[in-house]
Amino acid sequence: MAQFNLTVNGQSHQVDVDADTPILWVLRDTLKLVGTKYGCGIAQCGACTIHVDGKAARSCSLPIGAAEGKKITTIEGLSEDGSHPVQQAWIKHDVPQCGYCQAGQIMTASAFLAENKNPTDSEIVEAMNGNICRCGTYTRIKAAVKSAAENV
Amino acid sequence: MTKNIDNNRRSFLKVTAAAGGGMMIGFNFLGCEAKPRIAEFVAPNLEVPSKWNTLNGFLKIGENGVVTIMSPNPEIGQNVKTSMPMIVAEELDADWDRVIVEQADLDTDNFVRQIAGGSQSIRFGWKSLRETGAKARHMLLTAASEQLAVPMEELTTNKGKIYHKASDTVLDYGEVATAAASIEVPKDIALKDPKEFNIIGKSTKNVDGFNIAQGKPLFGLDIMEDGMKIAMIEHPPAFGMKIKSLDDSAAKVMAGISDVIRINVEPQGWNPQWSDVNAYPELVAVVGESTWQVMKAKKALKIEWEQDSDLESSAGHVATMEEALSSGKGEVARTDGDPDAAFADAAQVIEKTYTAPFLAHNTMEPMNFYANVTDDKAELVGPIQTPQFLEGTIEGVLGIPKENITIKMTRMGGGFGRRLYGHFGTEAALISKAVSAPVKLVYSREDDMTQGTYRPAYMVTYKAGLDDDGNLTAFQIKGAGIPGSPVFANRYPAGAVDNYTVENYQVATNISTGAWRAPRSNFIATAEQSFLDEVAEAAGKDPIDFRIALFERAQNNPVGADNDYDAERYAGVLKLVKEKSGWGTDTPGVYRGVSAYYCHNSYVAQVLDVALEDGLPKLKKVYCAVDCGIVVNPEGAINQIEGGIVDGIGHAMYSTLSFEDGVPQQSNFDKYRLIRHAEAPEVIEVHFVDNGIDPTGLGEPSLPPIGAALANALYKATGTRMYRQPYVDQVKLLG
């Protein structure tokens with residue numbers, strides 16, 4: 001076990017965990033921030049996507065040490081009240097079916113739109129291609145990202 | 001039945017301020033204050049009443065008129081948590097904006113059929129949900145009539161209010177709810193004319209949508225309780241293997257690890273229920289403080305395995321099904337006319353064989369369950385499609401009487417049939433009992449994918465005979481599956497062909513299989529509709545006209561009596577998709593395939609447009625016509641249909657679970673291909689048949705036909721017919 005200093009959603013935390021612990025499990029088990037989901041553990045599905053210094057990252061495959069000194073944002077910190085344009089677009093387009101992958105989809109989309117404010121359809125698809133939705137809400141995700149782009 | 005309660009009566013109900021305005025009603029499962037709590041959404045402008053009046057098991061109305069509607073069925077993403085309460089609210093004439101939806105626990109006193117399966121929640125719930133709402137409305141009206149001293153006939157309702165026009169009086173439901181709660185529940189009740197519906201048929205947002213977008217704790221995997229331990233399982237590496245010996249010395253001393261135990265979900269003397277399908281009844285469980293520590297300790301286990309039965313391989317599976325089909329030892333499920341003679345007389349005979357591999361369910365939320373088992377009590381919380389069956393298994397395996405078992409259902413990160421088989425709930429309970437602590441059992445993705453209740457592997461041979469004019473005169477289906485045949489003997493084209501026969505073949509296996517979204521239909525529709533496309537071509541006919549001619553035959557002069565489809569409705573969706581897709585008008589570079597299927601009491605027809613880009617197929621558009629009767633929540637319904645289409649395309653095109661010496665060859669999403677954004681159709685357009693018929697299934701019916709619409713479009717694009725799933729291997733060869 002070792003101590004790590006983290007900044008998550010603007011708050012400082014000191015956690016005492018095994019040094020090889022992925023950020024995902026520190027968020028979920030230690031900090032009780034369960035919005036970030038476990039899907040595959042090998043950075044293949046995108047359910048665990050968070051922002052590290054504003055860039056989308058797979059928290060299941062980043063050891064905790066990689067988070068020190070960085071600004072971590074999870075779905076809980078994307079907005080205080082669900083008002084982020086991407087969250088609002090998800091609600092407007094009634095995107096989710098089961099909903100499990102959607103936090104990761106939203107985190108990928110919000111990091112992408114922060115970089116590209118006027119994306120084409122194919123840029124959206126390319127940006128979102130690493131996030132699996134087993135329920136198949138892809139056409140809705142695309143529509144939601146498109147409409148969020150207008151409001152970011 | 002009629003109770004007046006305050007909200008402290010149910011100790012798990014907690015109200016807290018929520019971010020973003022509004023309130024959360026949290027289920028504090030076990031009365032302790034551990035966070036996070038699974039939460040229900042309450043709209044920002046709603047004040048949660050301090051006092052509720054319970055009108056029946058579904059409904060309570062607060063003094064301020066806010067209505068809580070219980071959602072009885074498990075929510076797996078099929079959106080019943082929105083659509084079922086909508087049906088109650090409709091007949092209650094509630095104001096949907098003042099409704100709170102609450103997931104019900106397993107409660108056999110108040111609810112029937114708390115199952116998510118077979119696309120039947122709305123179909124079976126339709127009448128009783130409507131009656132529940134209508135009876136409560138009647139009780140409110142009775143109370144209002146007494147309070148205002150006017151005849152009930154002079155009262156009308158709208159959006160949670162009661163109107164007496166003559167005296168210009170308006171009462172909120174909340175003002176009469178207390179009195180209504182003590183009025184006897186009426187036995188018979190008149191229901192609305194569907195023309196008067198103003199909630200049903202109107203697109204209504206997913207009641208959990210806001211919570212999902214904010215990452216609120218909703219799922220079984222999100223449960224955190226004080227004192228809770230994390231448990232994971234280790235199962236044999238291959239079907240046909242079992243545990244020989246366990247050396248836990250290294251794992252047990254690792255940081256955070258408290259227990260390593262062996263459990264068995266099928267103890268001697270327990271007679272399993274249908275839902276007790278599991279790959280490996282005997283497992284090793286590792287229990288500890290955190291998920292990562294337990295994951296690491298799992299790797300430190302030294303387990304010796306021993307062979308228990310055959311170690312099967314995919315190559316062998318294909319050979320065994322081929323052997324079975326040519327053995328002539330099938331079970332004849334139906335024969336009309338004289339197929340042998342008809343084939344002998346046919347001007348043209350076409351025979352083709354189709355196959356598909358095993359598939360894993362791969363719900364995005366892996367299997368998990370929370371259990372707290374004490375001497376004679378069990379509290380279970382988690383994702384389960386069959387809570388009542390889990391209760392029965394817990395009673396049987398742990399010897400705890402049903403009245404001491406509580407089962408709460410969380411929102412599920414996908415079901416697709418996987419969570420019909422609740423062995424993970426039983427495992428969690430056994431582990432909790434053994435370690436005397438509340439535990440959350442968590443499957444890793446690998447544990448989940450390699451210990452499935454898989455979609456069976458299938459093989460079917462179709463044979464068709466055509467006369468000189470291209471009329472279908474004979475039809476034979478020989479279906480094999482591991483373990484059972486996918487053929488439905490009385491489905492189309494049964495009833496439309498004079499000489500028709502079906503033979504079924506079963507191939508035994510030790511691989512655990514079960515229902516997978518649209519069981520059997522998910523394969524047989526693809527095979528049948530691909531074959532009919534080829535037959536229509538051989539007959540020199542348009543594939544839609546060819547199918548419609550058969551429906552006309554089945555409608556006007558059906559062969560046999562047991563045809564389990566309505567030929568007119570079936571033809572109806574084909575005609576609708578033909579019109580909406582502009583079938584028959586060619587667009588350069590666009591290749592079209594058509595398909596139609598009937599299952600779960602609903603009819604679906606699809607046209608899929610493919611273009612070739614850099615030699616690879618690009619799915620441009622899907623047109624989909626659906627007849628599922630009354631559509632309760634159009635936006636939610638369209639979402640289900642879109643999902644079924646993407647799911648069906650994905651699995652027909654990309655997915656396979658193969659075996660080598662009993663070992664699943666795919667254990668995570670690096671090797672098991674699921675469809676991704678770029679591979680999904682660019683546009684999906686859905687059209688409903690508006691016929692006012694009572695609603696039927698919608699979670700499954702759009703999946704089965706789409707694989708054939710894709711195959712038929714790929715044929716047009718490439719000149720190659722798709723006989724083997726997944727198609728991607730053949731498309732690659734072409735590219």
# chains A, B, ... in the order shown; residues from 1 in each chain; ligands from 1
>>> residues_around(residues="His235 in chain B", least_positions_apart="2", cutoff="8 Å", atoms="only C-alpha atoms", output="PDB file with C-alpha atoms, in the first residue's frame")
ATOM      1  CA  ILE B 233     -15.093 -16.308  -8.460  1.00  0.00           C
ATOM      2  CA  PRO B 237     -10.849 -22.986 -17.660  1.00  0.00           C
ATOM      3  CA  TYR B 280     -19.826 -24.660 -13.340  1.00  0.00           C
ATOM      4  CA  GLU B 282     -18.631 -25.646  -8.088  1.00  0.00           C
ATOM      5  CA  LEU B 283     -16.425 -22.577  -7.859  1.00  0.00           C
ATOM      6  CA  VAL B 284     -13.628 -21.016  -5.865  1.00  0.00           C
ATOM      7  CA  ASP B 447     -15.271 -14.542 -15.882  1.00  0.00           C
ATOM      8  CA  GLN B 451     -18.858 -18.824 -18.129  1.00  0.00           C
TER       9      GLN B 451
END
>>> residues_around(residues="range 86-94 of chain B", least_positions_apart="2", cutoff="10 Å", atoms="only C-alpha atoms", output="JSON, numbers by chain")
{"B": [58, 59, 65, 66, 67, 68, 69, 70, 71, 80, 81, 82, 83, 84, 96, 97, 98, 99, 101, 122, 125, 126, 127, 128, 129, 130, 131, 132, 133, 134, 135, 136, 137, 138, 140, 156, 157, 158, 159, 160, 161, 162, 173, 190, 191, 192, 196, 197, 198, 199, 200, 201, 202, 204, 632, 633]}
>>> interface_residues(of="chain A", to="chain B", cutoff="6 Å", atoms="only C-alpha atoms", output="JSON, numbers by chain")
{"A": [34, 35, 39, 40, 44, 75, 81, 82, 87, 91, 97, 98, 99, 100, 103, 125, 129, 132, 135, 136, 137, 138]}
>>> write_last_selection(atoms="N, CA and C atoms", output="tab-separated table (two decimals), in the first residue's frame")
chain	number	residue	atom	x	y	z
A	34	VAL	N	-19.07	6.01	-8.30
A	34	VAL	CA	-19.37	4.81	-9.09
A	34	VAL	C	-19.94	5.12	-10.48
A	35	GLY	N	-19.99	6.41	-10.82
A	35	GLY	CA	-20.47	6.76	-12.16
A	35	GLY	C	-19.56	6.24	-13.25
A	39	GLY	N	-16.08	-2.12	-17.53
A	39	GLY	CA	-16.66	-2.90	-18.62
A	39	GLY	C	-15.78	-4.04	-19.07
A	40	CYS	N	-14.49	-3.77	-19.22
A	40	CYS	CA	-13.62	-4.82	-19.76
A	40	CYS	C	-12.28	-4.91	-19.04
A	44	GLN	N	-10.78	-1.60	-23.88
A	44	GLN	CA	-11.40	-1.96	-25.16
A	44	GLN	C	-12.81	-1.41	-25.34
A	75	ILE	N	-17.64	11.57	-14.51
A	75	ILE	CA	-19.00	11.97	-14.91
A	75	ILE	C	-19.67	12.79	-13.80
A	81	ASP	N	-24.88	19.72	-12.00
A	81	ASP	CA	-26.33	19.53	-12.03
A	81	ASP	C	-26.84	18.93	-13.33
A	82	GLY	N	-25.96	18.25	-14.05
A	82	GLY	CA	-26.41	17.65	-15.31
A	82	GLY	C	-26.62	18.67	-16.41
A	87	GLN	N	-24.55	16.30	-21.61
A	87	GLN	CA	-25.56	15.62	-20.78
A	87	GLN	C	-26.97	16.04	-21.21
A	91	ILE	N	-30.13	13.73	-22.78
A	91	ILE	CA	-31.51	13.70	-22.28
A	91	ILE	C	-32.47	14.05	-23.41
A	97	GLN	N	-30.45	3.10	-23.43
A	97	GLN	CA	-31.36	1.97	-23.20
A	97	GLN	C	-31.02	1.45	-21.80
A	98	CYS	N	-30.03	0.56	-21.70
A	98	CYS	CA	-29.70	0.12	-20.33
A	98	CYS	C	-28.97	1.23	-19.59
A	99	GLY	N	-28.18	2.02	-20.29
A	99	GLY	CA	-27.55	3.18	-19.67
A	99	GLY	C	-26.15	2.96	-19.12
A	100	TYR	N	-25.72	1.72	-19.09
A	100	TYR	CA	-24.46	1.42	-18.39
A	100	TYR	C	-23.24	2.05	-19.06
A	103	ALA	N	-22.15	6.87	-19.38
A	103	ALA	CA	-21.23	7.82	-18.72
A	103	ALA	C	-19.92	7.88	-19.51
A	125	VAL	N	-18.13	9.95	-35.53
A	125	VAL	CA	-18.09	8.49	-35.50
A	125	VAL	C	-16.69	8.00	-35.13
A	129	ASN	N	-15.73	5.83	-31.74
A	129	ASN	CA	-15.64	4.42	-32.16
A	129	ASN	C	-15.05	3.50	-31.09
A	132	ILE	N	-18.02	1.12	-26.77
A	132	ILE	CA	-19.03	0.13	-27.18
A	132	ILE	C	-20.35	0.42	-26.48
A	135	CYS	N	-26.31	-2.10	-26.33
A	135	CYS	CA	-27.72	-1.96	-26.69
A	135	CYS	C	-27.89	-1.39	-28.09
A	136	GLY	N	-26.83	-0.84	-28.66
A	136	GLY	CA	-26.91	-0.33	-30.03
A	136	GLY	C	-27.55	1.03	-30.17
A	137	THR	N	-27.21	1.97	-29.28
A	137	THR	CA	-27.79	3.32	-29.37
A	137	THR	C	-26.93	4.25	-30.22
A	138	TYR	N	-26.13	3.68	-31.11
A	138	TYR	CA	-25.15	4.48	-31.84
A	138	TYR	C	-25.75	5.64	-32.64
>>> select_by_dssp(residues="chain A", states="alpha helix (DSSP H)", output="ChimeraX atom specification")
/A:23-25,75-78,85-92,102-115,121-128,138-149
>>> write_last_selection(atoms="N, CA and C atoms", output="compact mmCIF listing (two decimals), in the first residue's frame")
# COMPACT_ATOMS: atom_id res chain seq x y z
N ILE A 23 -6.85 3.58 -11.73
CA ILE A 23 -7.64 4.72 -11.23
C ILE A 23 -9.12 4.33 -11.10
N LEU A 24 -9.59 3.53 -12.06
CA LEU A 24 -11.00 3.09 -12.02
C LEU A 24 -11.41 2.59 -10.64
N TRP A 25 -10.58 1.71 -10.08
CA TRP A 25 -10.98 1.08 -8.81
C TRP A 25 -10.76 2.00 -7.63
N ILE A 75 -17.64 11.57 -14.51
CA ILE A 75 -19.00 11.97 -14.91
C ILE A 75 -19.67 12.79 -13.80
N GLU A 76 -19.35 12.48 -12.55
CA GLU A 76 -19.97 13.22 -11.44
C GLU A 76 -19.51 14.67 -11.43
N GLY A 77 -18.32 14.93 -12.01
CA GLY A 77 -17.79 16.28 -11.98
C GLY A 77 -17.91 17.02 -13.30
N LEU A 78 -18.51 16.37 -14.29
CA LEU A 78 -18.65 17.02 -15.60
C LEU A 78 -19.48 18.30 -15.46
N PRO A 85 -23.68 20.64 -21.79
CA PRO A 85 -24.42 20.47 -23.06
C PRO A 85 -24.48 19.02 -23.55
N VAL A 86 -23.45 18.24 -23.30
CA VAL A 86 -23.49 16.84 -23.73
C VAL A 86 -24.52 16.06 -22.91
N GLN A 87 -24.55 16.30 -21.61
CA GLN A 87 -25.56 15.62 -20.78
C GLN A 87 -26.97 16.04 -21.21
N GLN A 88 -27.13 17.34 -21.47
CA GLN A 88 -28.45 17.83 -21.90
C GLN A 88 -28.85 17.22 -23.24
N ALA A 89 -27.88 17.06 -24.13
CA ALA A 89 -28.18 16.46 -25.44
C ALA A 89 -28.58 14.99 -25.28
N TRP A 90 -27.93 14.32 -24.32
CA TRP A 90 -28.26 12.90 -24.08
C TRP A 90 -29.70 12.77 -23.61
N ILE A 91 -30.13 13.73 -22.78
CA ILE A 91 -31.51 13.70 -22.28
C ILE A 91 -32.47 14.05 -23.41
N LYS A 92 -32.12 15.08 -24.16
CA LYS A 92 -32.98 15.53 -25.26
C LYS A 92 -33.22 14.41 -26.27
N GLN A 102 -23.19 4.72 -20.89
CA GLN A 102 -23.42 6.10 -21.34
C GLN A 102 -22.52 7.11 -20.64
N ALA A 103 -22.15 6.87 -19.38
CA ALA A 103 -21.23 7.82 -18.72
C ALA A 103 -19.92 7.88 -19.51
N GLY A 104 -19.44 6.73 -19.93
CA GLY A 104 -18.21 6.68 -20.72
C GLY A 104 -18.39 7.34 -22.08
N GLN A 105 -19.55 7.14 -22.69
CA GLN A 105 -19.83 7.78 -23.99
C GLN A 105 -19.83 9.30 -23.81
N ILE A 106 -20.48 9.75 -22.74
CA ILE A 106 -20.59 11.20 -22.49
C ILE A 106 -19.21 11.79 -22.22
N MET A 107 -18.36 11.07 -21.47
CA MET A 107 -17.03 11.60 -21.18
C MET A 107 -16.17 11.66 -22.45
N THR A 108 -16.29 10.65 -23.30
CA THR A 108 -15.55 10.69 -24.58
C THR A 108 -16.05 11.85 -25.44
N ALA A 109 -17.37 11.97 -25.53
CA ALA A 109 -17.96 13.02 -26.37
C ALA A 109 -17.59 14.41 -25.86
N SER A 110 -17.61 14.61 -24.55
CA SER A 110 -17.35 15.96 -24.01
C SER A 110 -15.89 16.35 -24.21
N ALA A 111 -14.97 15.39 -24.06
CA ALA A 111 -13.55 15.70 -24.31
C ALA A 111 -13.34 16.00 -25.79
N PHE A 112 -14.01 15.25 -26.64
CA PHE A 112 -13.89 15.44 -28.09
C PHE A 112 -14.42 16.82 -28.50
N LEU A 113 -15.58 17.19 -27.99
CA LEU A 113 -16.18 18.46 -28.39
C LEU A 113 -15.42 19.66 -27.84
N ALA A 114 -14.70 19.44 -26.75
CA ALA A 114 -13.87 20.53 -26.22
C ALA A 114 -12.74 20.86 -27.20
N GLU A 115 -12.33 19.87 -27.97
CA GLU A 115 -11.25 20.05 -28.94
C GLU A 115 -11.77 20.44 -30.32
N ASP A 121 -19.90 14.49 -39.34
CA ASP A 121 -20.44 13.20 -38.93
C ASP A 121 -19.34 12.16 -38.80
N SER A 122 -18.43 12.15 -39.78
CA SER A 122 -17.42 11.10 -39.74
C SER A 122 -16.40 11.35 -38.62
N GLU A 123 -16.17 12.62 -38.29
CA GLU A 123 -15.30 12.89 -37.15
C GLU A 123 -15.95 12.42 -35.84
N ILE A 124 -17.25 12.61 -35.74
CA ILE A 124 -17.97 12.15 -34.54
C ILE A 124 -17.85 10.63 -34.42
N VAL A 125 -18.13 9.95 -35.53
CA VAL A 125 -18.09 8.49 -35.50
C VAL A 125 -16.69 8.00 -35.13
N GLU A 126 -15.68 8.64 -35.70
CA GLU A 126 -14.30 8.24 -35.42
C GLU A 126 -13.97 8.46 -33.93
N ALA A 127 -14.41 9.60 -33.42
CA ALA A 127 -14.11 9.92 -32.02
C ALA A 127 -14.79 8.96 -31.06
N MET A 128 -15.99 8.51 -31.43
CA MET A 128 -16.79 7.67 -30.53
C MET A 128 -16.55 6.17 -30.77
N TYR A 138 -26.13 3.68 -31.11
CA TYR A 138 -25.15 4.48 -31.84
C TYR A 138 -25.75 5.64 -32.64
N THR A 139 -26.89 5.40 -33.30
CA THR A 139 -27.44 6.50 -34.11
C THR A 139 -27.88 7.66 -33.22
N ARG A 140 -28.39 7.33 -32.03
CA ARG A 140 -28.79 8.38 -31.09
C ARG A 140 -27.58 9.11 -30.51
N ILE A 141 -26.53 8.36 -30.23
CA ILE A 141 -25.31 8.99 -29.70
C ILE A 141 -24.79 10.00 -30.72
N LYS A 142 -24.78 9.59 -31.98
CA LYS A 142 -24.29 10.48 -33.03
C LYS A 142 -25.14 11.75 -33.09
N ALA A 143 -26.46 11.57 -33.04
CA ALA A 143 -27.35 12.74 -33.08
C ALA A 143 -27.14 13.63 -31.86
N ALA A 144 -26.93 13.01 -30.70
CA ALA A 144 -26.76 13.80 -29.48
C ALA A 144 -25.45 14.58 -29.51
N VAL A 145 -24.38 13.95 -29.99
CA VAL A 145 -23.09 14.65 -30.06
C VAL A 145 -23.21 15.82 -31.03
N LYS A 146 -23.91 15.58 -32.12
CA LYS A 146 -24.11 16.64 -33.12
C LYS A 146 -24.85 17.83 -32.52
N SER A 147 -25.92 17.55 -31.80
CA SER A 147 -26.68 18.67 -31.26
C SER A 147 -25.95 19.32 -30.09
N ALA A 148 -25.14 18.53 -29.34
CA ALA A 148 -24.35 19.12 -28.26
C ALA A 148 -23.31 20.07 -28.82
N ALA A 149 -22.78 19.73 -29.99
CA ALA A 149 -21.73 20.57 -30.61
C ALA A 149 -22.24 21.99 -30.82
>>> residues_around(residues="Met1 in chain A", least_positions_apart="3", cutoff="12 Å", atoms="only C-alpha atoms", output="ChimeraX atom specification")
/A:4,15-21,64 /B:254-256,293
>>> residues_around(residues="Val460 in chain B", least_positions_apart="4", cutoff="6 Å", atoms="only C-alpha atoms", output="list in words")
Thr353, Tyr354, Lys478, Gly479 and Ala480 of chain B
>>> write_last_selection(atoms="N, CA and C atoms", output="mmCIF file, in the first residue's frame")
data_model
loop_
_atom_site.group_PDB
_atom_site.id
_atom_site.type_symbol
_atom_site.label_atom_id
_atom_site.label_comp_id
_atom_site.auth_asym_id
_atom_site.auth_seq_id
_atom_site.Cartn_x
_atom_site.Cartn_y
_atom_site.Cartn_z
ATOM 1 N N THR B 353 -27.521 -24.577 -46.954
ATOM 2 C CA THR B 353 -27.310 -24.777 -45.519
ATOM 3 C C THR B 353 -26.711 -23.520 -44.892
ATOM 4 N N TYR B 354 -27.231 -23.183 -43.731
ATOM 5 C CA TYR B 354 -26.808 -21.965 -43.010
ATOM 6 C C TYR B 354 -26.307 -22.353 -41.618
ATOM 7 N N LYS B 478 -34.644 -28.662 -42.311
ATOM 8 C CA LYS B 478 -34.006 -29.587 -41.380
ATOM 9 C C LYS B 478 -33.103 -28.748 -40.476
ATOM 10 N N GLY B 479 -33.472 -28.707 -39.198
ATOM 11 C CA GLY B 479 -32.741 -27.826 -38.294
ATOM 12 C C GLY B 479 -32.022 -28.588 -37.196
ATOM 13 N N ALA B 480 -30.767 -28.209 -36.964
ATOM 14 C CA ALA B 480 -30.004 -28.796 -35.862
ATOM 15 C C ALA B 480 -29.443 -27.676 -34.998
#
>>> residues_around(residues="range 257-266 of chain B", least_positions_apart="5", cutoff="10 Å", atoms="only C-alpha atoms", output="ChimeraX atom specification")
/B:229-234,243,246-249,251-252,271-272,276,278,280-290,293-294,296-298,301,393-394,396-398,423-431,434-435
>>> write_last_selection(atoms="C-alpha atoms", output="mmCIF file, in the first residue's frame")
data_model
loop_
_atom_site.group_PDB
_atom_site.id
_atom_site.type_symbol
_atom_site.label_atom_id
_atom_site.label_comp_id
_atom_site.auth_asym_id
_atom_site.auth_seq_id
_atom_site.Cartn_x
_atom_site.Cartn_y
_atom_site.Cartn_z
ATOM 1 C CA LYS B 229 -16.785 -7.174 1.139
ATOM 2 C CA ILE B 230 -15.946 -7.793 -2.494
ATOM 3 C CA ALA B 231 -16.093 -11.349 -3.780
ATOM 4 C CA MET B 232 -14.978 -12.776 -7.106
ATOM 5 C CA ILE B 233 -15.093 -16.308 -8.460
ATOM 6 C CA GLU B 234 -12.635 -18.540 -10.249
ATOM 7 C CA ILE B 243 -11.869 -28.476 -9.560
ATOM 8 C CA LEU B 246 -7.106 -25.854 -4.383
ATOM 9 C CA ASP B 247 -3.949 -24.310 -2.968
ATOM 10 C CA ASP B 248 -4.921 -20.908 -1.612
ATOM 11 C CA SER B 249 -1.826 -20.354 0.515
ATOM 12 C CA ALA B 251 -3.710 -15.808 -2.270
ATOM 13 C CA LYS B 252 -4.917 -15.922 1.313
ATOM 14 C CA ASN B 271 -33.549 -30.174 -7.909
ATOM 15 C CA PRO B 272 -32.654 -27.236 -10.174
ATOM 16 C CA ASP B 276 -30.660 -22.652 -12.641
ATOM 17 C CA ASN B 278 -24.850 -22.544 -14.921
ATOM 18 C CA TYR B 280 -19.826 -24.660 -13.340
ATOM 19 C CA PRO B 281 -21.791 -25.323 -10.153
ATOM 20 C CA GLU B 282 -18.631 -25.646 -8.088
ATOM 21 C CA LEU B 283 -16.425 -22.577 -7.859
ATOM 22 C CA VAL B 284 -13.628 -21.016 -5.865
ATOM 23 C CA ALA B 285 -14.493 -17.657 -4.317
ATOM 24 C CA VAL B 286 -11.993 -15.023 -3.186
ATOM 25 C CA VAL B 287 -13.219 -12.433 -0.712
ATOM 26 C CA GLY B 288 -11.529 -9.201 0.278
ATOM 27 C CA GLU B 289 -11.666 -5.481 0.808
ATOM 28 C CA SER B 290 -11.369 -4.046 -2.688
ATOM 29 C CA GLN B 293 -6.986 -6.675 -4.434
ATOM 30 C CA VAL B 294 -9.387 -9.550 -5.070
ATOM 31 C CA LYS B 296 -4.892 -9.856 -7.976
ATOM 32 C CA ALA B 297 -5.477 -12.617 -5.442
ATOM 33 C CA LYS B 298 -7.461 -14.572 -8.020
ATOM 34 C CA LEU B 301 -4.684 -19.111 -6.715
ATOM 35 C CA THR B 393 -33.410 -21.157 -5.663
ATOM 36 C CA ILE B 394 -32.208 -19.305 -2.558
ATOM 37 C CA GLY B 396 -33.903 -24.451 -1.991
ATOM 38 C CA VAL B 397 -30.135 -24.121 -1.902
ATOM 39 C CA LEU B 398 -29.712 -22.196 1.353
ATOM 40 C CA HIS B 423 -26.669 -18.393 -10.433
ATOM 41 C CA PHE B 424 -24.597 -15.313 -9.570
ATOM 42 C CA GLY B 425 -27.271 -14.343 -7.019
ATOM 43 C CA THR B 426 -27.080 -17.765 -5.453
ATOM 44 C CA GLU B 427 -23.282 -17.617 -5.489
ATOM 45 C CA ALA B 428 -23.332 -14.238 -3.717
ATOM 46 C CA ALA B 429 -25.687 -15.629 -1.072
ATOM 47 C CA LEU B 430 -23.546 -18.726 -0.479
ATOM 48 C CA ILE B 431 -20.410 -16.591 -0.159
ATOM 49 C CA ALA B 434 -19.839 -18.639 4.403
ATOM 50 C CA VAL B 435 -17.946 -15.487 5.382
#
>>> closest_residue(among="A:Leu6, A:Val152, A:Leu33, A:Ile42", to="Ser61 in chain A", atoms="only C-alpha atoms")
A:Ile42
>>> residues_around(residues="Pro401 in chain B", least_positions_apart="3", cutoff="10 Å", atoms="only C-alpha atoms", output="count of residues only")
11
>>> atom_distance(atom1="CA of Tyr500 in chain B", atom2="CA of Thr335 in chain B")
5.5 Å
>>> atom_distance(atom1="CA of Ala360 in chain B", atom2="CA of Ile407 in chain B")
26.2 Å
>>> atom_distance(atom1="CA of Asp586 in chain B", atom2="CA of Val610 in chain B")
12.3 Å
>>> select_by_dssp(residues="chain A", states="strand (DSSP E or B)", output="VMD selection string")
chain A and resid 2 to 8 11 to 17 22 49 to 52 55 to 58 63 71 to 73
>>> residues_around(residues="Phe343 in chain B", least_positions_apart="2", cutoff="12 Å", atoms="only C-alpha atoms", output="JSON, numbers by chain")
{"B": [337, 338, 339, 340, 341, 345, 346, 347, 348, 349, 350, 351, 463, 464, 465, 466, 467, 472, 473, 474, 475, 476, 498, 499, 500, 501]}
